[in-house]
file final_29.txt (compact mmCIF, C-alpha atoms and all ligand atoms)
# COMPACT_ATOMS: atom_id res chain seq x y z
CA MET A 29 146.94 49.69 99.56
CA THR A 30 150.63 50.45 99.32
CA THR A 31 153.37 47.94 98.59
CA ASP A 32 156.95 47.81 97.44
CA LEU A 33 156.21 44.79 95.24
CA LEU A 34 155.99 45.30 91.51
CA ARG A 35 152.46 44.73 90.29
CA LEU A 36 151.25 44.51 86.71
CA VAL A 37 147.77 44.81 85.22
CA ILE A 38 147.47 43.62 81.61
CA PHE A 39 144.57 44.79 79.46
CA ASP A 40 143.07 43.20 76.39
CA CYS A 41 142.42 45.77 73.61
CA ASP A 42 139.35 45.05 71.42
CA GLY A 43 136.18 44.96 73.51
CA THR A 44 138.04 46.00 76.66
CA LEU A 45 139.83 49.31 75.91
CA VAL A 46 138.21 50.15 72.54
CA ASP A 47 134.86 49.37 70.95
CA SER A 48 136.08 47.98 67.63
CA GLN A 49 133.38 45.40 66.87
CA HIS A 50 131.78 47.24 63.93
CA ALA A 51 135.09 47.90 62.19
CA ILE A 52 136.23 44.30 62.68
CA ALA A 53 132.92 42.82 61.49
CA HIS A 54 132.88 45.12 58.44
CA CYS A 55 136.40 44.05 57.41
CA MET A 56 135.73 40.37 58.13
CA ASP A 57 132.64 40.41 55.88
CA HIS A 58 134.67 42.17 53.18
CA ALA A 59 137.48 39.58 53.42
CA PHE A 60 135.14 36.58 53.30
CA ALA A 61 133.20 38.03 50.34
CA GLU A 62 136.42 38.69 48.44
CA HIS A 63 137.09 34.94 48.42
CA GLY A 64 133.51 33.86 47.65
CA LEU A 65 132.77 32.76 51.22
CA ASP A 66 129.57 33.48 53.18
CA CYS A 67 129.92 36.66 55.24
CA PRO A 68 129.89 35.82 58.96
CA GLY A 69 128.12 39.05 60.09
CA LEU A 70 128.42 40.98 63.35
CA GLU A 71 126.94 38.52 65.83
CA LYS A 72 129.11 35.60 64.75
CA THR A 73 132.22 37.79 64.41
CA ARG A 74 131.76 39.10 67.98
CA THR A 75 132.37 35.57 69.28
CA ILE A 76 135.91 35.37 67.84
CA ILE A 77 137.22 38.92 68.46
CA GLY A 78 140.38 38.49 70.52
CA LEU A 79 141.77 35.44 68.71
CA SER A 80 144.62 35.78 66.24
CA LEU A 81 143.32 36.29 62.69
CA PRO A 82 144.05 32.80 61.23
CA GLU A 83 142.41 31.12 64.22
CA ALA A 84 139.46 33.55 64.10
CA ILE A 85 138.92 33.01 60.36
CA ALA A 86 139.13 29.22 60.70
CA GLN A 87 136.49 29.32 63.45
CA LEU A 88 134.18 31.66 61.50
CA ALA A 89 134.25 29.38 58.44
CA ARG A 90 133.13 26.28 60.34
CA PRO A 91 131.67 23.81 59.68
CA ALA A 92 133.67 24.30 56.47
CA MET A 93 137.36 23.46 56.89
CA LEU A 94 139.40 26.03 54.98
CA GLU A 95 142.77 25.16 53.43
CA THR A 96 145.73 26.90 55.08
CA THR A 97 146.43 28.85 51.88
CA LEU A 98 142.83 30.15 51.81
CA ILE A 99 143.01 31.16 55.48
CA GLU A 100 146.20 33.10 54.66
CA ALA A 101 144.49 34.77 51.69
CA VAL A 102 141.44 35.78 53.79
CA THR A 103 143.79 37.04 56.52
CA ASN A 104 145.59 39.24 54.01
CA SER A 105 142.29 40.56 52.65
CA TYR A 106 141.16 41.42 56.17
CA LYS A 107 144.41 43.26 56.94
CA SER A 108 144.18 45.20 53.72
CA ALA A 109 140.53 46.13 54.35
CA PHE A 110 141.31 47.28 57.89
CA PHE A 111 144.31 49.34 56.75
CA THR A 112 142.09 51.08 54.20
CA LEU A 113 139.26 51.61 56.69
CA ARG A 114 141.64 53.12 59.24
CA GLN A 115 142.67 55.82 56.72
CA SER A 116 139.06 56.89 56.21
CA PRO A 117 138.15 60.25 57.79
CA ASP A 118 135.01 58.87 59.43
CA PHE A 119 136.77 55.86 60.99
CA PHE A 120 135.56 55.66 64.58
CA GLU A 121 136.82 53.23 67.21
CA PRO A 122 136.02 54.84 70.58
CA LEU A 123 137.62 54.14 73.93
CA PHE A 124 135.21 52.68 76.46
CA PRO A 125 134.27 55.03 79.32
CA GLY A 126 136.78 55.30 82.15
CA VAL A 127 139.88 53.95 80.37
CA LEU A 128 142.09 56.99 80.97
CA GLU A 129 140.87 57.46 84.53
CA VAL A 130 141.51 53.85 85.55
CA ILE A 131 145.01 53.82 84.04
CA ASN A 132 145.80 57.02 85.99
CA THR A 133 144.38 55.61 89.22
CA LEU A 134 146.26 52.33 88.92
CA ASP A 135 149.44 54.22 88.09
CA GLN A 136 149.06 56.29 91.26
CA ARG A 137 148.58 53.09 93.26
CA GLY A 138 151.80 51.60 91.91
CA TRP A 139 150.44 49.24 89.28
CA LEU A 140 152.33 48.93 85.99
CA SER A 141 150.06 48.58 82.94
CA GLY A 142 150.45 46.46 79.81
CA VAL A 143 148.45 45.16 76.85
CA ALA A 144 148.02 41.62 75.46
CA THR A 145 145.99 41.49 72.25
CA GLY A 146 145.21 39.29 69.26
CA LYS A 147 145.77 42.42 67.12
CA ALA A 148 148.97 42.84 65.14
CA ARG A 149 151.46 45.38 66.53
CA ARG A 150 150.68 47.76 63.66
CA GLY A 151 147.00 47.80 64.60
CA LEU A 152 147.67 48.15 68.31
CA ASP A 153 150.09 51.04 67.73
CA ALA A 154 147.43 52.80 65.64
CA VAL A 155 144.87 52.48 68.45
CA LEU A 156 147.31 53.71 71.09
CA ASP A 157 148.57 56.62 68.95
CA ARG A 158 145.06 57.80 68.14
CA ASN A 159 144.12 57.87 71.82
CA ASN A 160 147.39 59.30 73.20
CA LEU A 161 148.06 56.08 75.09
CA SER A 162 151.38 55.13 73.51
CA LYS A 163 153.46 55.94 76.57
CA ARG A 164 151.09 54.50 79.17
CA PHE A 165 152.02 50.81 78.92
CA VAL A 166 155.31 49.19 79.91
CA THR A 167 154.75 46.03 77.88
CA LEU A 168 152.84 45.41 74.63
CA GLN A 169 152.20 41.82 73.53
CA THR A 170 150.61 41.06 70.14
CA CYS A 171 149.87 38.15 67.84
CA ASP A 172 152.98 38.89 65.76
CA ASN A 173 155.23 36.94 68.11
CA HIS A 174 152.87 34.57 69.93
CA PRO A 175 150.28 31.84 69.47
CA SER A 176 146.65 32.90 69.73
CA LYS A 177 144.88 33.38 73.06
CA PRO A 178 144.13 31.48 75.24
CA HIS A 179 147.74 30.22 75.07
CA PRO A 180 149.55 32.04 77.93
CA SER A 181 152.62 32.94 75.82
CA MET A 182 151.81 36.68 75.66
CA LEU A 183 151.42 36.91 79.44
CA GLU A 184 154.59 34.92 80.06
CA ALA A 185 156.45 37.41 77.84
CA ALA A 186 154.88 40.36 79.68
CA MET A 187 156.03 38.94 83.02
CA MET A 188 159.49 38.24 81.63
CA GLU A 189 159.84 41.81 80.32
CA THR A 190 158.71 43.44 83.55
CA GLY A 191 160.06 40.95 86.09
CA VAL A 192 156.69 40.71 87.83
CA ASP A 193 155.63 37.47 89.51
CA PRO A 194 152.31 35.93 88.27
CA ARG A 195 150.90 36.29 91.78
CA CYS A 196 151.33 40.06 91.38
CA CYS A 197 149.64 40.26 87.95
CA ALA A 198 146.06 40.61 86.75
CA MET A 199 144.61 40.02 83.26
CA ILE A 200 141.62 42.21 82.34
CA GLY A 201 139.52 41.23 79.32
CA ASP A 202 136.10 40.86 77.75
CA THR A 203 136.27 37.29 76.42
CA THR A 204 136.70 33.75 77.67
CA PHE A 205 140.01 33.71 75.75
CA ASP A 206 141.36 36.38 78.13
CA ILE A 207 140.12 34.62 81.24
CA GLU A 208 141.49 31.24 80.16
CA MET A 209 144.81 32.84 79.19
CA GLY A 210 145.12 34.61 82.55
CA ARG A 211 144.23 31.44 84.44
CA ALA A 212 146.77 29.44 82.42
CA ALA A 213 149.44 31.99 83.35
CA GLY A 214 148.55 31.69 87.05
CA MET A 215 147.28 35.24 87.54
CA LEU A 216 144.12 37.02 88.63
CA SER A 217 141.69 37.09 85.71
CA ILE A 218 138.98 39.75 85.71
CA GLY A 219 136.23 39.96 83.11
CA VAL A 220 134.56 43.14 81.82
CA ALA A 221 130.84 43.06 81.09
CA TRP A 222 130.83 45.76 78.37
CA GLY A 223 132.61 43.69 75.71
CA TYR A 224 131.83 40.85 73.34
CA HIS A 225 131.27 37.77 75.54
CA ASP A 226 128.51 37.73 78.14
CA ARG A 227 128.99 37.62 81.89
CA GLU A 228 127.92 33.98 82.28
CA LYS A 229 130.57 32.81 79.80
CA LEU A 230 133.25 34.82 81.57
CA GLN A 231 132.27 33.36 84.93
CA SER A 232 132.15 29.82 83.52
CA ALA A 233 135.66 30.34 82.12
CA GLY A 234 136.90 31.02 85.65
CA ALA A 235 136.87 34.81 86.04
CA HIS A 236 137.76 35.82 89.60
CA ALA A 237 135.36 38.75 89.15
CA VAL A 238 133.40 40.51 86.39
CA ILE A 239 133.13 44.32 86.48
CA ASP A 240 130.45 46.54 84.89
CA HIS A 241 132.55 49.74 84.70
CA PHE A 242 136.26 50.53 84.78
CA ASP A 243 135.88 52.60 87.95
CA GLN A 244 135.25 49.33 89.84
CA LEU A 245 138.64 47.90 88.90
CA PRO A 246 140.95 49.47 91.55
CA ALA A 247 138.73 48.32 94.43
CA ILE A 248 138.32 44.83 92.94
CA LEU A 249 142.09 44.52 92.60
CA ASP A 250 142.53 45.60 96.22
CA ASP A 251 139.95 43.02 97.31
CA LEU A 252 141.34 40.12 95.31
CA TRP A 253 145.06 40.77 95.31
CA LYS A 254 147.19 39.19 97.98
CA PRO A 255 150.87 40.16 98.15
CA ALA A 256 153.11 37.31 97.11
CA ALA A 257 154.75 37.38 100.56
CA GLU A 258 151.41 36.47 102.17
CA THR A 259 150.78 33.50 99.91
CA ALA A 260 154.32 32.18 99.59
MG MG B 1 138.69 41.44 73.59
call {"tool": "encode", "arguments": {"input": "final_29.txt", "output": "structure tokens"}}
result
Amino acid sequence: MTTDLLRLVIFDCDGTLVDSQHAIAHCMDHAFAEHGLDCPGLEKTRTIIGLSLPEAIAQLARPAMLETTLIEAVTNSYKSAFFTLRQSPDFFEPLFPGVLEVINTLDQRGWLSGVATGKARRGLDAVLDRNNLSKRFVTLQTCDNHPSKPHPSMLEAAMMETGVDPRCCAMIGDTTFDIEMGRAAGMLSIGVAWGYHDREKLQSAGAHAVIDHFDQLPAILDDLWKPAAETA
């Protein structure tokens, strides 16, 4: 499909572009233990990957209600643990299969690409630098300047920066937070089945489609996307 309209596809990072669950769970356990709290473990931590850290930590502690100052302290411990882990020579946070190929294909078809993540900008930059992806995205939205997903603030900023209409945008992510955020911003919302929330949850959250591999994404976008002129 060819078009003169600007189109933008926005990717989540953790669980969508990179498999970061083990690193995140390791640092979350470390941060909780440092403050005498029960470690949440991998399975529980997988459910909150994608939220901003304070929101994620508050959810992991439930049913306990943590004081704001304790949430801030655990957040700082997590950041410190992750910074240390990232310097380690055996740190491994692999890209999921097909990431580079799908970005190239979408680029050839005229789609701009961006990222919207609950990570801090420092963490996102580290992921992109390590995988030679720093120059592949026209807009990068992080938790530093926005409320946590599923608030649509990050997507509204991405559209503002690029000038792309929501009807010409698609959000791609592995969690219900991504799907709800995309829906709230009025754009196509496509789930990926290789991440941290299961397919049924993504569909219940309102995903327009759920893909099993990145190579399905260009065709799904062609199927689902309708030029703004047709729907105006
Ligand atoms: Mg994610």
call {"tool": "closest_atom_pairs", "arguments": {"input": "final_29.txt", "of": "chain A", "to": "ligand MG 1 (chain B)", "cutoff": "8 Å", "atoms": "all atoms listed in the file", "output": "Markdown table"}}
result
| residue | atom | partner | partner_atom | distance |
| --- | --- | --- | --- | --- |
| A:Asp40 | CA | B:MG1 | MG | 5.5 |
| A:Cys41 | CA | B:MG1 | MG | 5.7 |
| A:Asp42 | CA | B:MG1 | MG | 4.3 |
| A:Gly43 | CA | B:MG1 | MG | 4.3 |
| A:Thr44 | CA | B:MG1 | MG | 5.5 |
| A:Ile77 | CA | B:MG1 | MG | 5.9 |
| A:Gly78 | CA | B:MG1 | MG | 4.6 |
| A:Thr145 | CA | B:MG1 | MG | 7.4 |
| A:Gly201 | CA | B:MG1 | MG | 5.8 |
| A:Asp202 | CA | B:MG1 | MG | 4.9 |
| A:Thr203 | CA | B:MG1 | MG | 5.6 |
| A:Asp206 | CA | B:MG1 | MG | 7.3 |
| A:Gly223 | CA | B:MG1 | MG | 6.8 |
| A:Tyr224 | CA | B:MG1 | MG | 6.9 |
call {"tool": "closest_residue", "arguments": {"input": "final_29.txt", "among": "A:Ala237, A:Ile200, A:Ala221, A:Ala144", "to": "Met182 of chain A", "atoms": "all atoms listed in the file"}}
result
A:Ala144
call {"tool": "residues_near_point", "arguments": {"input": "final_29.txt", "point": "(139.0, 39.3, 60.6)", "cutoff": "10 Å", "atoms": "all atoms listed in the file", "output": "VMD selection string"}}
result
chain A and resid 51 to 60 68 73 76 to 77 79 to 85 88 102 to 107 109 to 110 147
call {"tool": "write_last_selection", "arguments": {"input": "final_29.txt", "atoms": "C-alpha atoms", "output": "mmCIF file, keeping the file's coordinate frame"}}
result
data_model
loop_
_atom_site.group_PDB
_atom_site.id
_atom_site.type_symbol
_atom_site.label_atom_id
_atom_site.label_comp_id
_atom_site.auth_asym_id
_atom_site.auth_seq_id
_atom_site.Cartn_x
_atom_site.Cartn_y
_atom_site.Cartn_z
ATOM 1 C CA ALA A 51 135.090 47.900 62.190
ATOM 2 C CA ILE A 52 136.230 44.300 62.680
ATOM 3 C CA ALA A 53 132.920 42.820 61.490
ATOM 4 C CA HIS A 54 132.880 45.120 58.440
ATOM 5 C CA CYS A 55 136.400 44.050 57.410
ATOM 6 C CA MET A 56 135.730 40.370 58.130
ATOM 7 C CA ASP A 57 132.640 40.410 55.880
ATOM 8 C CA HIS A 58 134.670 42.170 53.180
ATOM 9 C CA ALA A 59 137.480 39.580 53.420
ATOM 10 C CA PHE A 60 135.140 36.580 53.300
ATOM 11 C CA PRO A 68 129.890 35.820 58.960
ATOM 12 C CA THR A 73 132.220 37.790 64.410
ATOM 13 C CA ILE A 76 135.910 35.370 67.840
ATOM 14 C CA ILE A 77 137.220 38.920 68.460
ATOM 15 C CA LEU A 79 141.770 35.440 68.710
ATOM 16 C CA SER A 80 144.620 35.780 66.240
ATOM 17 C CA LEU A 81 143.320 36.290 62.690
ATOM 18 C CA PRO A 82 144.050 32.800 61.230
ATOM 19 C CA GLU A 83 142.410 31.120 64.220
ATOM 20 C CA ALA A 84 139.460 33.550 64.100
ATOM 21 C CA ILE A 85 138.920 33.010 60.360
ATOM 22 C CA LEU A 88 134.180 31.660 61.500
ATOM 23 C CA VAL A 102 141.440 35.780 53.790
ATOM 24 C CA THR A 103 143.790 37.040 56.520
ATOM 25 C CA ASN A 104 145.590 39.240 54.010
ATOM 26 C CA SER A 105 142.290 40.560 52.650
ATOM 27 C CA TYR A 106 141.160 41.420 56.170
ATOM 28 C CA LYS A 107 144.410 43.260 56.940
ATOM 29 C CA ALA A 109 140.530 46.130 54.350
ATOM 30 C CA PHE A 110 141.310 47.280 57.890
ATOM 31 C CA LYS A 147 145.770 42.420 67.120
#
call {"tool": "atom_distance", "arguments": {"input": "final_29.txt", "atom1": "atom CA of Phe242 of chain A", "atom2": "atom CA of Leu123 of chain A"}}
result
11.5 Å
call {"tool": "closest_residue", "arguments": {"input": "final_29.txt", "among": "A:Val46, A:Ala154, A:Met93, A:Leu230", "to": "Gly126 of chain A", "atoms": "only C-alpha atoms"}}
result
A:Val46
call {"tool": "closest_residue", "arguments": {"input": "final_29.txt", "among": "A:Phe120, A:Trp253, A:Phe165, A:Trp222", "to": "Cys197 of chain A", "atoms": "all atoms listed in the file"}}
result
A:Trp253
call {"tool": "closest_residue", "arguments": {"input": "final_29.txt", "among": "A:Ala92, A:Ala186, A:Ala101, A:Leu168", "to": "Glu62 of chain A", "atoms": "all atoms listed in the file"}}
result
A:Ala101
call {"tool": "closest_residue", "arguments": {"input": "final_29.txt", "among": "A:Leu183, A:Met215, A:Cys171, A:Ile207", "to": "Ser232 of chain A", "atoms": "only C-alpha atoms"}}
result
A:Ile207
call {"tool": "closest_residue", "arguments": {"input": "final_29.txt", "among": "A:Leu161, A:Leu70, A:Ile218, A:Ala148", "to": "Asn132 of chain A", "atoms": "all atoms listed in the file"}}
result
A:Leu161
